[in-house]
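To keep things clear, I will list the structure first and then write my remarks on it.
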Amino acid sequence: MKSDNANGHEPAEEEMRGGEAELRRHRLAKLERIRERLDEPYKYAFHRSHVIAEARRIFEGQEPQATDESPAALPAQLAGRIVARRIQGKSTFMDIRDEQARIQVFLGWKQIGDDAYEAAKDLDIGDFIGVSGMVKRTRRGEITLFAERYELLAKSLRPAAEKYHGLSNVETRYRHRYLDMVANPEVLDVFRKRVLMIQVMREWLIAQNYLEVETPMLHPIPGGATARPFITHHNTFDHDFYLRVAPELYLKKLLVGGFERVFEINRCFRNEGVDTKHNPEFTTMELYEAYQDYMGLMEETEEMLHHVIKSVVGGETFVYQERVVSIARPWKRIALFDAIRQYAGIDLESTRNREEAAKRAESIGMEVTPEMGYGKIVDEVMSACVQPHLVQPTFLYDYPIELSPLAKKKRGNDALTERFQPFIACLEVGNAFSELNDPIDQRERFEAQAALRDAGDEEAQFLDEDFVMALEVGMPPAAGLGIGLDRLAMIVTDSPSIRDVILFPQLRPE
RNA sequence: GGACGGGUAGCUCAGUCGGUAGAGCAUCGGACUUUUAAUCCGGUGGCCGUGGGUUCGAGUCCCACCCCGUUCACCA
C-alpha cells in the first residue's frame with residue numbers, strides 16, 4: 001500500500017500539457033523516494049512551540065546588546081510552507097511562511113547529518129515542513145531558525161508561481177484564489193480587513209441591542225428590491241423559488257411580530273450584469289429599528305460607519321484609489337434635488353412632468369430614452385452628475401416616490417419619500433428610509449409597480465400579499481437601512497474591483 | 001449585449017516586414033559550508049485560446065467563436 005500508488009496514471013496528468021506534467025512527474029518521483037524511506041509525506045499533526053511571528057518577537061525581545069559576548073538564541077519548533085530555497089552545496093537556506101510571518105531556516109549538513117541533508121533535496125517550494133532548532137541571527141543579521149531536525153508535513157505536487165513577479169493573471173487569481181493567496185500574501189490582508197469590518201459592525205449592532213436574525217434565502221415571491229431574481233426549483237413541492245434579492249420584507253414582518261431592533265448579515269442574489277461593482281451574489285447588512293425615522297437613522301448610520309471604517313483603516317482618513325477620504329464627523333448631508341441643482345445645474349424638483357424633466361436632462365447632454373420614467377431620469381442625472389463628486393462621505397436624502405415603493409412619503413411632500421443613501425468615495429454604500437407601514441398606501445405602491453411590470457419593466461416589484469397582510473396586522477413606525485458590505489470592503493481595502501474583496505467571485509464556468 | 005484591450009513554456013513576459021518559437025524565474029544535472037531576486041556551467045520544457053481561410057510558408061494577415069479585463073448599458 002505504501003509505494004505503489006504514486007506513479008502517474010491520474011487523470012490530472014492527462015489534462016496537463018508537456019512542461020507542467022514534467023514538473024509534476026519530478027515531484028511525484030520525490031514523493032515516491034520519500035515513501036521508500038518510510039517517511040509519510042502527509043503527516044497528521046505537528047507541535048509548534050510558537051507561530052513564526054511570535055518566535056521572531058520573543059527572539060527580538062531577548063537579543064543582546066552589540067557589546068554582549070554570547071549570542072541570543074531561542075529554542076523553537078516552527079512550521080510553515082517553503083516559499084524560497086537557496087541551496088549552497090552543504091548548506092541550504094529556506095524561507096518558510098505561516099499565516100502571519102516568514103522566517104529563514106538554515107539547514108547545515110553538519111548539524112542535521114548526512115542522510116537528513118540528502119533527504120532535504122526532495123523538499124520543494126510549496127511543501128509544508130516542521131523544523132526544530134534554535135532561532136539566532138546569521139552573520140548578515142537575518143533572524144534564522146538553525147535546524148536541528150526537520151520533517152516534511154505535506155508535499156506539494158504543483159509548481160509555484162514566479163518568485164519575483166508572482167501571480168498576476170487575474171483570471172487565475174479569481175478562479176483559483178488559493179494560488180493567489182499563496183503567491184500574493186497581501187491578499188490575505190484584504191480578506192482579514194473584510195472579516196474585521198463585518199465583525200466590528202456586528203459587534204456594534206449587538207451593542208446597540210440589535211438582534212441578529214436569519215430569514216429565508218428561498219423566496220416564493222422575490223421582494224424588497226427592484227431587481228431580477230435567480231429562479232430555482234424545489235422538487236418535493238414541485239414549485240419554483242427565487243433566491244432572495246433582499247431580506248427586507250421578512251425583516252419588517254419581524255417588526256410586526258414584536259421585535260424592535262433586528263439585523264441580518266447575509267447574501268443576496270441578483271440576476272444582473274457583472275462588473276467592477278456588481279457580483280451576482282453579494283453580502284448586505286440590513287437593519288430595522290422600530291419607533292425611528294430616517295433622520296434618526298441617518299445619525300446612527302453615520303456613527304456606525306464611522307466606527308467601523310475607523311476600526312479597520314486605523315484612523316479618520318484613508319486613501320481610496322489615490323483620493324484622500326476623511327470620515328471626520330459630521331458628514332455632509334444634502335437633499336437629492338439640491339445636489340442635482342448644485343452639480344448638474346438643472347432643477348428637476350419644480351416639475352413632476354416626465355416630458356419636462358426629460359427636456360431639462362437633455363439640456364445638459366443626458367440621453368433620455370422613451371422607457372425612462374420621471375424617477376429614472378432623476379436617478380440617471382444623479383448618477384452622472386452628482387455621484388462623481390461624492391468623494392467625501394455624504395448622505396443624499398429625499399428621493400422621488402417613483403424610485404422608492406417601500407418608503408414612507410415625506411412629511412408635507414407627497415412627491416418625495418423619506419429616504420437616504422450614504423456615499424463614500426463616490427460609491428453608493430447603502431440605502432435607508434422611513435419604512436412604509438400604511439398597508440393601504442403599500443398596496444397602491446405595489447399596484448403601481450405591477451403596472452410598470454405589465455409595461456415591460458422586468459425589475460418592477462411583485463405584490464406580496466403576505467407582506468401587506470402583515471402591515472394590516474400593524475407595524476410600528478420604523479426606519480430601515482441596508483449596507484452593501486462588499487462595496488464597503490472595497491473602500492476600506494482600497495480595492496478597485498468587487499472581485500478583489502470576494503474570496504471566490506463568480507466567473508463564467510470554464 | 002456594444003466598444004476597446006488581452007490570451008505565446010509551470011509563472012512573468014518579448015516576438016521586427018509573413019520565413020526553423022525566445023528570455024528571466026521555476027524545474028532537472030553539475031560546482032559551491034552564511035545565502036536572502038544567491039552565484040556560475042549545462043539541459044528539459046510549446047495545440048503560440050479554439051476552428052476555419054489566404055499563402056510555397058501564419059504566433060504574425062483575414063473570418064468566426066471561446067475566455068479574461070476595462071468601459072457603456074442594467075443594478076447595490
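Going through the C-alpha cells in order, the chains are called A, B, and so on, while each chain numbers its residues from 1 and the ligands are numbered from 1 in the order shown.
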For the contact check between chain A and chain B, emit one row per residue of chain A within 6 Å, containing the shortest atom pair and the distance in Å rounded to one decimal, counting only C-alpha atoms (C1' of nucleotides), chain then rising number order, as JSON lines.
```
{"residue": "A:Gly19", "atom": "CA", "partner": "B:G45", "partner_atom": "C1'", "distance": 4.6}
{"residue": "A:Glu20", "atom": "CA", "partner": "B:G10", "partner_atom": "C1'", "distance": 5.2}
{"residue": "A:Gln88", "atom": "CA", "partner": "B:C32", "partner_atom": "C1'", "distance": 5.7}
{"residue": "A:Gly89", "atom": "CA", "partner": "B:C32", "partner_atom": "C1'", "distance": 5.0}
{"residue": "A:Lys90", "atom": "CA", "partner": "B:U33", "partner_atom": "C1'", "distance": 5.2}
{"residue": "A:Ser91", "atom": "CA", "partner": "B:U33", "partner_atom": "C1'", "distance": 5.4}
{"residue": "A:Pro159", "atom": "CA", "partner": "B:G10", "partner_atom": "C1'", "distance": 5.6}
{"residue": "A:Ala161", "atom": "CA", "partner": "B:C11", "partner_atom": "C1'", "distance": 4.5}
{"residue": "A:Glu162", "atom": "CA", "partner": "B:C11", "partner_atom": "C1'", "distance": 4.3}
{"residue": "A:His165", "atom": "CA", "partner": "B:U12", "partner_atom": "C1'", "distance": 5.8}
{"residue": "A:Glu171", "atom": "CA", "partner": "B:C68", "partner_atom": "C1'", "distance": 5.8}
```
Those same residues - N, CA and C atoms - I'd like them written as a PDB file, in the first residue's frame.
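And here's selection.pdb as it stands now:
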```
ATOM      1  N   GLY A  19       5.127  20.640 -20.326  1.00  0.00           N
ATOM      2  CA  GLY A  19       6.007  21.118 -19.282  1.00  0.00           C
ATOM      3  C   GLY A  19       5.451  20.943 -17.890  1.00  0.00           C
ATOM      4  N   GLU A  20       4.188  21.203 -17.749  1.00  0.00           N
ATOM      5  CA  GLU A  20       3.585  21.116 -16.436  1.00  0.00           C
ATOM      6  C   GLU A  20       3.586  19.669 -15.941  1.00  0.00           C
ATOM      7  N   GLN A  88      23.303  25.775  -1.326  1.00  0.00           N
ATOM      8  CA  GLN A  88      24.677  26.188  -1.466  1.00  0.00           C
ATOM      9  C   GLN A  88      25.580  25.051  -1.052  1.00  0.00           C
ATOM     10  N   GLY A  89      25.624  24.014  -1.867  1.00  0.00           N
ATOM     11  CA  GLY A  89      26.450  22.879  -1.518  1.00  0.00           C
ATOM     12  C   GLY A  89      25.986  22.228  -0.238  1.00  0.00           C
ATOM     13  N   LYS A  90      26.798  22.316   0.785  1.00  0.00           N
ATOM     14  CA  LYS A  90      26.486  21.577   2.001  1.00  0.00           C
ATOM     15  C   LYS A  90      25.679  22.381   3.015  1.00  0.00           C
ATOM     16  N   SER A  91      25.221  23.531   2.581  1.00  0.00           N
ATOM     17  CA  SER A  91      24.268  24.234   3.443  1.00  0.00           C
ATOM     18  C   SER A  91      23.164  24.811   2.569  1.00  0.00           C
ATOM     19  N   PRO A 159       3.942  23.229  -9.349  1.00  0.00           N
ATOM     20  CA  PRO A 159       4.976  24.257  -9.321  1.00  0.00           C
ATOM     21  C   PRO A 159       4.443  25.586  -8.781  1.00  0.00           C
ATOM     22  N   ALA A 161       4.343  29.815  -8.341  1.00  0.00           N
ATOM     23  CA  ALA A 161       4.370  30.941  -9.278  1.00  0.00           C
ATOM     24  C   ALA A 161       5.751  31.576  -9.260  1.00  0.00           C
ATOM     25  N   GLU A 162       5.988  32.432 -10.200  1.00  0.00           N
ATOM     26  CA  GLU A 162       7.278  33.100 -10.337  1.00  0.00           C
ATOM     27  C   GLU A 162       7.613  33.892  -9.075  1.00  0.00           C
ATOM     28  N   HIS A 165       7.791  38.242  -9.802  1.00  0.00           N
ATOM     29  CA  HIS A 165       6.575  38.898 -10.273  1.00  0.00           C
ATOM     30  C   HIS A 165       5.322  38.297  -9.664  1.00  0.00           C
ATOM     31  N   GLU A 171      -7.450  36.168 -14.154  1.00  0.00           N
ATOM     32  CA  GLU A 171      -8.381  35.047 -14.287  1.00  0.00           C
ATOM     33  C   GLU A 171      -7.966  33.902 -13.359  1.00  0.00           C
TER      34      GLU A 171
END
```
- Query: Which of stretch 126-370 of chain A counts as strand (DSSP E or B) under DSSP, as a VMD selection string please?
  - Reply: chain A and resid 128 to 137 143 to 154 211 to 212 218 to 219 231 to 234 239 to 243 261 to 269 275 278 281 to 290 317 to 320 323 to 326 332 to 335
Could you take the residues named above and write them with C-alpha atoms, as an mmCIF file, in the first residue's frame?
```cif
data_model
loop_
_atom_site.group_PDB
_atom_site.id
_atom_site.type_symbol
_atom_site.label_atom_id
_atom_site.label_comp_id
_atom_site.auth_asym_id
_atom_site.auth_seq_id
_atom_site.Cartn_x
_atom_site.Cartn_y
_atom_site.Cartn_z
ATOM 1 C CA PHE A 128 4.899 22.274 4.361
ATOM 2 C CA ILE A 129 7.623 21.404 6.845
ATOM 3 C CA GLY A 130 8.117 21.460 10.588
ATOM 4 C CA VAL A 131 11.537 22.472 11.895
ATOM 5 C CA SER A 132 13.108 22.236 15.356
ATOM 6 C CA GLY A 133 16.183 24.203 16.269
ATOM 7 C CA MET A 134 17.475 27.485 17.630
ATOM 8 C CA VAL A 135 16.432 30.918 16.438
ATOM 9 C CA LYS A 136 19.514 33.109 16.028
ATOM 10 C CA ARG A 137 20.810 35.779 13.750
ATOM 11 C CA ILE A 143 16.703 36.114 12.022
ATOM 12 C CA THR A 144 17.049 32.429 11.209
ATOM 13 C CA LEU A 145 15.925 29.106 12.591
ATOM 14 C CA PHE A 146 19.021 26.899 12.632
ATOM 15 C CA ALA A 147 17.558 23.459 12.092
ATOM 16 C CA GLU A 148 18.488 20.510 14.259
ATOM 17 C CA ARG A 149 15.649 18.397 12.892
ATOM 18 C CA TYR A 150 13.071 18.908 10.203
ATOM 19 C CA GLU A 151 10.166 16.891 8.912
ATOM 20 C CA LEU A 152 8.020 17.071 5.839
ATOM 21 C CA LEU A 153 4.405 17.717 6.806
ATOM 22 C CA ALA A 154 2.750 17.876 3.394
ATOM 23 C CA LEU A 211 -30.941 41.129 17.451
ATOM 24 C CA GLU A 212 -29.209 39.190 14.691
ATOM 25 C CA LEU A 218 -35.582 30.907 -0.875
ATOM 26 C CA HIS A 219 -38.484 33.244 -1.549
ATOM 27 C CA ILE A 231 -35.042 31.075 -10.131
ATOM 28 C CA THR A 232 -34.571 27.683 -8.540
ATOM 29 C CA HIS A 233 -36.784 24.667 -8.052
ATOM 30 C CA HIS A 234 -37.919 22.689 -5.048
ATOM 31 C CA HIS A 239 -42.506 24.638 -7.030
ATOM 32 C CA ASP A 240 -40.169 27.364 -8.230
ATOM 33 C CA PHE A 241 -38.499 29.594 -5.694
ATOM 34 C CA TYR A 242 -36.490 32.747 -6.089
ATOM 35 C CA LEU A 243 -33.131 33.323 -4.457
ATOM 36 C CA ARG A 261 -34.365 46.055 16.575
ATOM 37 C CA VAL A 262 -33.269 43.363 14.140
ATOM 38 C CA PHE A 263 -30.463 42.959 11.663
ATOM 39 C CA GLU A 264 -29.231 40.344 9.250
ATOM 40 C CA ILE A 265 -25.838 39.973 7.577
ATOM 41 C CA ASN A 266 -26.118 37.623 4.666
ATOM 42 C CA ARG A 267 -26.094 37.040 0.956
ATOM 43 C CA CYS A 268 -28.410 38.463 -1.680
ATOM 44 C CA PHE A 269 -28.619 37.323 -5.273
ATOM 45 C CA ASP A 275 -18.788 44.405 -13.396
ATOM 46 C CA HIS A 278 -21.500 44.011 -9.057
ATOM 47 C CA GLU A 281 -24.170 37.177 -5.082
ATOM 48 C CA PHE A 282 -23.218 39.856 -2.628
ATOM 49 C CA THR A 283 -23.414 40.471 1.086
ATOM 50 C CA THR A 284 -25.562 43.042 2.801
ATOM 51 C CA MET A 285 -26.317 44.129 6.306
ATOM 52 C CA GLU A 286 -29.924 45.175 6.766
ATOM 53 C CA LEU A 287 -31.270 46.577 9.990
ATOM 54 C CA TYR A 288 -34.712 47.722 11.106
ATOM 55 C CA GLU A 289 -35.415 49.860 14.100
ATOM 56 C CA ALA A 290 -38.903 50.454 15.467
ATOM 57 C CA THR A 317 -8.572 59.377 6.845
ATOM 58 C CA PHE A 318 -7.699 56.799 4.259
ATOM 59 C CA VAL A 319 -6.932 56.642 0.569
ATOM 60 C CA TYR A 320 -9.259 55.149 -1.966
ATOM 61 C CA ARG A 323 -8.034 60.088 -3.370
ATOM 62 C CA VAL A 324 -7.929 61.023 0.276
ATOM 63 C CA VAL A 325 -11.176 60.413 2.127
ATOM 64 C CA SER A 326 -11.868 61.855 5.560
ATOM 65 C CA LYS A 332 -22.196 66.158 4.591
ATOM 66 C CA ARG A 333 -25.961 65.907 4.058
ATOM 67 C CA ILE A 334 -27.711 67.253 1.022
ATOM 68 C CA ALA A 335 -31.198 66.780 -0.385
#
```
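Across the structure, atom CA of A:Arg228 and atom CA of A:Ala432 are spaced 20.4 Å apart.
You will find atom CA of A:His47 at 19.9 Å from atom CA of A:Ala116.
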- Neighbour list for A:Asp441 as a ChimeraX atom specification, cut-off 9 Å, only C-alpha atoms (C1' of nucleotides), skip fewer than 5 positions in-chain: /A:408,436,446
- Expressed in Å to a single decimal, how great is the separation between atom CA of A:Ala55 and atom CA of A:Lys43? 22.9 Å
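The residue set within 8 Å of A:Leu157, counting only C-alpha atoms (C1' of nucleotides) and dropping same-chain residues fewer than 4 places from it, reads Arg24, Arg27 and Leu28 of chain A.
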